file entry24.cif (mmCIF, C-alpha atoms)
data_start
#
loop_
_atom_site.label_atom_id
_atom_site.label_comp_id
_atom_site.auth_asym_id
_atom_site.auth_seq_id
_atom_site.Cartn_x
_atom_site.Cartn_y
_atom_site.Cartn_z
CA MET A 1 0.00 0.00 0.00
CA ARG A 2 1.24 3.51 -0.82
CA TYR A 3 1.38 6.21 1.88
CA TRP A 4 2.53 9.82 2.06
CA LEU A 5 4.37 10.73 5.27
CA THR A 6 5.04 14.31 6.32
CA LEU A 7 7.44 14.89 9.19
CA GLU A 8 9.52 17.91 10.09
CA GLY A 9 8.09 19.74 7.05
CA GLU A 10 9.18 17.16 4.48
CA THR A 11 6.83 14.80 2.63
CA VAL A 12 8.01 11.41 1.40
CA GLU A 13 6.28 8.65 -0.53
CA ALA A 14 6.34 5.20 1.08
CA LEU A 15 5.31 1.95 -0.58
CA VAL A 16 4.73 -0.55 2.23
CA GLU A 17 4.99 -4.27 1.54
CA SER A 18 5.09 -7.12 4.07
CA ASP A 19 8.88 -7.47 4.18
CA ALA A 20 10.23 -4.29 2.58
CA TRP A 21 9.36 -0.63 2.15
CA THR A 22 10.30 1.71 -0.66
CA ILE A 23 10.74 5.26 0.61
CA ASP A 24 11.17 7.92 -2.08
CA GLY A 25 12.52 5.23 -4.44
CA ALA A 26 14.96 3.61 -1.98
CA ARG A 27 14.07 0.02 -1.00
CA ILE A 28 14.73 -1.00 2.61
CA ASP A 29 14.11 -4.27 4.46
CA ALA A 30 11.42 -3.24 6.93
CA SER A 31 8.38 -4.47 8.77
CA ILE A 32 6.10 -3.37 11.58
CA SER A 33 4.03 -5.57 13.87
CA ARG A 34 1.82 -4.88 16.84
CA VAL A 35 2.57 -6.30 20.27
CA GLU A 36 -0.75 -8.03 20.93
CA GLY A 37 -2.87 -6.48 23.67
CA THR A 38 -0.84 -3.24 23.75
CA PRO A 39 -0.59 0.02 21.78
CA VAL A 40 3.07 -0.79 21.13
CA HIS A 41 4.50 -1.81 17.74
CA VAL A 42 7.86 -3.29 16.83
CA LEU A 43 9.51 -1.58 13.84
CA ARG A 44 12.33 -3.36 12.01
CA LEU A 45 14.46 -1.24 9.64
CA GLY A 46 17.29 -3.30 8.19
CA ASP A 47 19.17 -4.77 11.17
CA SER A 48 17.76 -2.23 13.66
CA VAL A 49 14.67 -2.82 15.79
CA TYR A 50 12.65 -0.04 17.46
CA ARG A 51 9.78 0.04 19.96
CA VAL A 52 7.09 2.39 18.63
CA HIS A 53 4.14 3.81 20.53
CA GLY A 54 1.70 6.04 18.66
CA GLU A 55 -1.46 8.02 19.19
CA ARG A 56 -3.47 10.31 16.95
CA THR A 57 -3.55 13.96 18.06
CA SER A 58 -6.56 16.28 17.87
CA ALA A 59 -5.04 17.72 14.66
CA GLY A 60 -5.18 14.26 13.04
CA VAL A 61 -1.41 13.85 13.08
CA TRP A 62 0.25 10.78 14.58
CA ARG A 63 2.47 11.48 17.59
CA LEU A 64 4.95 8.60 17.63
CA GLU A 65 7.55 7.71 20.18
CA VAL A 66 10.33 5.82 18.42
CA GLY A 67 13.18 4.62 20.57
CA GLY A 68 12.19 7.18 23.22
CA ARG A 69 12.16 10.11 20.73
CA PRO A 70 8.84 11.87 19.99
CA ILE A 71 8.04 12.44 16.30
CA ASP A 72 4.90 14.00 14.76
CA VAL A 73 3.94 12.39 11.43
CA ASP A 74 1.02 13.12 9.11
CA VAL A 75 0.23 9.80 7.38
CA VAL A 76 -2.19 9.62 4.47
CA ASP A 77 -2.92 6.92 1.93
CA ASP A 78 -2.52 7.45 -1.81
CA ARG A 79 -6.23 8.16 -2.34
CA THR A 80 -6.32 10.84 0.38
CA GLN A 81 -3.16 12.42 -1.02
CA ARG A 82 -4.78 12.64 -4.47
CA LEU A 83 -7.90 14.20 -2.92
CA ARG A 84 -5.73 16.77 -1.14
CA GLU A 85 -3.97 17.60 -4.39
CA MET A 86 -7.31 17.94 -6.23
CA THR A 87 -8.69 20.34 -3.62
CA ARG A 88 -5.52 22.43 -3.35
CA ALA A 89 -5.50 25.49 -5.58
CA VAL A 90 -2.38 25.21 -7.75
CA GLY A 91 -0.67 28.60 -7.91
CA GLY A 92 -3.72 30.17 -6.29
CA PRO A 93 -3.87 32.63 -3.45
CA GLU A 94 -2.14 31.78 -0.20
CA GLY A 95 -3.95 31.65 3.11
CA PRO A 96 -7.15 29.94 4.15
CA GLN A 97 -9.33 28.74 1.30
CA PRO A 98 -12.95 27.62 1.68
CA ILE A 99 -13.50 23.91 2.22
CA LYS A 100 -15.27 22.65 -0.91
CA ALA A 101 -16.76 19.28 -1.70
CA PRO A 102 -14.25 17.39 -3.90
CA MET A 103 -17.16 15.46 -5.48
CA PRO A 104 -20.92 15.06 -4.99
CA GLY A 105 -21.72 13.42 -1.69
CA LEU A 106 -23.42 13.38 1.70
CA VAL A 107 -22.14 15.34 4.71
CA LEU A 108 -21.67 12.85 7.55
CA LYS A 109 -20.03 15.01 10.21
CA VAL A 110 -18.87 18.58 10.81
CA ASP A 111 -15.95 18.52 13.29
CA VAL A 112 -15.73 22.29 13.90
CA SER A 113 -17.85 25.20 15.09
CA GLU A 114 -17.94 28.79 13.90
CA GLY A 115 -15.12 30.73 15.54
CA ASP A 116 -12.88 27.67 16.04
CA VAL A 117 -9.22 28.01 15.13
CA VAL A 118 -7.99 25.00 13.13
CA GLU A 119 -4.44 23.80 12.58
CA PRO A 120 -2.94 22.24 9.44
CA GLY A 121 -4.02 18.60 9.18
CA GLN A 122 -7.00 19.03 11.51
CA GLY A 123 -10.18 17.33 10.32
CA ILE A 124 -12.98 19.77 9.45
CA VAL A 125 -15.76 17.85 7.72
CA ILE A 126 -16.44 14.27 6.62
CA VAL A 127 -18.24 13.69 3.32
CA GLU A 128 -19.37 10.30 2.03
CA ALA A 129 -18.95 9.91 -1.71
CA MET A 130 -19.08 6.70 -3.73
CA LYS A 131 -19.57 4.71 -0.47
CA MET A 132 -16.27 6.03 0.95
CA GLU A 133 -15.75 8.51 3.78
CA ASN A 134 -13.54 11.49 2.88
CA GLU A 135 -12.19 13.58 5.73
CA LEU A 136 -11.38 17.10 4.54
CA ARG A 137 -8.67 18.81 6.58
CA ALA A 138 -7.24 22.26 7.05
CA ASP A 139 -4.19 23.05 4.89
CA VAL A 140 -3.14 26.13 6.87
CA PRO A 141 -3.95 27.66 10.27
CA ALA A 142 -7.37 29.28 9.97
CA ARG A 143 -10.49 30.42 11.81
CA VAL A 144 -13.88 28.93 10.93
CA VAL A 145 -15.92 31.90 9.70
CA ARG A 146 -19.12 30.21 8.53
CA ILE A 147 -20.49 26.68 8.33
CA LEU A 148 -22.81 26.24 5.37
CA VAL A 149 -23.71 22.54 5.78
CA THR A 150 -25.03 20.20 8.45
CA PRO A 151 -24.83 16.42 8.71
CA GLY A 152 -27.31 14.86 6.30
CA ASP A 153 -26.94 17.58 3.65
CA THR A 154 -26.11 16.52 0.10
CA VAL A 155 -23.41 18.56 -1.61
CA ALA A 156 -22.39 19.11 -5.22
CA LYS A 157 -18.83 19.04 -6.53
CA ASP A 158 -17.00 22.28 -5.60
CA GLN A 159 -19.83 23.42 -3.29
CA VAL A 160 -18.44 25.58 -0.46
CA MET A 161 -19.16 23.83 2.83
CA ILE A 162 -17.01 25.80 5.29
CA GLU A 163 -15.70 29.35 4.95
CA LEU A 164 -12.32 29.95 6.59
CA GLY A 165 -10.54 33.18 7.46
CA SER A 166 -7.25 34.22 8.98
CA ALA A 167 -6.41 32.46 12.25
CA ASP A 168 -5.28 35.85 13.58
CA ASP A 169 -8.74 37.39 13.06
CA ASP A 170 -10.66 37.01 16.33
CA GLY A 171 -13.98 37.16 14.51
CA ASP A 172 -15.10 40.46 16.07
#

call {"tool": "encode", "arguments": {"input": "entry24.cif", "output": "structure tokens"}}
result
Amino acid sequence: MRYWLTLEGETVEALVESDAWTIDGARIDASISRVEGTPVHVLRLGDSVYRVHGERTSAGVWRLEVGGRPIDVDVVDDRTQRLREMTRAVGGPEGPQPIKAPMPGLVLKVDVSEGDVVEPGQGIVIVEAMKMENELRADVPARVVRILVTPGDTVAKDQVMIELGSADDDGD
């Protein structure tokens, strides 16, 4: 399975197979397995073995402890990465952009309230399309200005669901 990992500001592509991973084109003998009954995993990279404990933060990023060192990693599958790329405005204006439906669908959940400040990677709204749940996340720090949908609403492709403004604007 293909994943996109972002840590310390750098994004790498990882193809994960049972006995080897390919990270940005470099193949490495690797595997990860869970220690049954615990939240701990054992990560093998080449001849090195690491104890890994991980939990998902409120911003949707994984906070891992690898060999006693904390690391924040945003992990998305190939499909989610493509959705992010489709919804990102190429060469468009910088700053908060409205959250638009990437395709027709059904709003399942709105994870924010008007006035909330969101961080990059934080989940904002979940839309079901083609029997799959798509979590749309913030790309930049922003403040939720207006929520235009509620759970149960149907949305059209490119319909604005959430309006975002500058995180520095206190909304007054």

call {"tool": "residues_near_point", "arguments": {"input": "entry24.cif", "point": "(1.1, 10.2, 16.2)", "cutoff": "9 Å", "atoms": "all atoms listed in the file", "output": "JSON, numbers by chain"}}
result
{"A": [53, 54, 55, 56, 57, 60, 61, 62, 63, 64, 65, 70, 71, 72, 73, 74, 75]}

call {"tool": "residues_near_point", "arguments": {"input": "entry24.cif", "point": "(-15.7, 23.7, -3.5)", "cutoff": "9 Å", "atoms": "all atoms listed in the file", "output": "list of chain:residue names"}}
result
A:Thr87, A:Pro98, A:Ile99, A:Lys100, A:Ala101, A:Pro102, A:Met103, A:Ala156, A:Lys157, A:Asp158, A:Gln159, A:Val160, A:Met161

call {"tool": "closest_residue", "arguments": {"input": "entry24.cif", "among": "A:Gly123, A:Gly165, A:Gly67, A:Gly115", "to": "Pro96 in chain A", "atoms": "all atoms listed in the file"}}
result
A:Gly165

call {"tool": "atom_distance", "arguments": {"input": "entry24.cif", "atom1": "CA of Asp19 in chain A", "atom2": "CA of Arg82 in chain A"}}
result
25.8 Å

call {"tool": "resolve_selection", "arguments": {"input": "entry24.cif", "expression": "the PyMOL selection byres ((chain A and resi 5) around 9)", "output": "PyMOL selection string"}}
result
chain A and resi 3-4+6-7+10-14+73-77

call {"tool": "closest_atom_pairs", "arguments": {"input": "entry24.cif", "of": "range 30-107 of chain A", "to": "range 125-129 of chain A", "cutoff": "6 Å", "atoms": "only C-alpha atoms", "output": "CSV"}}
result
residue,atom,partner,partner_atom,distance
A:Gly105,CA,A:Ala129,CA,4.5
A:Leu106,CA,A:Glu128,CA,5.1
A:Val107,CA,A:Val127,CA,4.5

call {"tool": "closest_residue", "arguments": {"input": "entry24.cif", "among": "A:Gly68, A:Pro104, A:Pro120, A:Pro39", "to": "Arg143 in chain A", "atoms": "only C-alpha atoms"}}
result
A:Pro120

call {"tool": "closest_residue", "arguments": {"input": "entry24.cif", "among": "A:Leu15, A:Ala142, A:Leu83, A:Val149", "to": "Lys109 in chain A", "atoms": "all atoms listed in the file"}}
result
A:Val149

call {"tool": "residues_around", "arguments": {"input": "entry24.cif", "residues": "Val112 in chain A", "least_positions_apart": "5", "cutoff": "9 Å", "atoms": "only C-alpha atoms", "output": "list in words"}}
result
Val117, Val118, Gly123, Ile124, Val125, Val144 and Ile147 of chain A
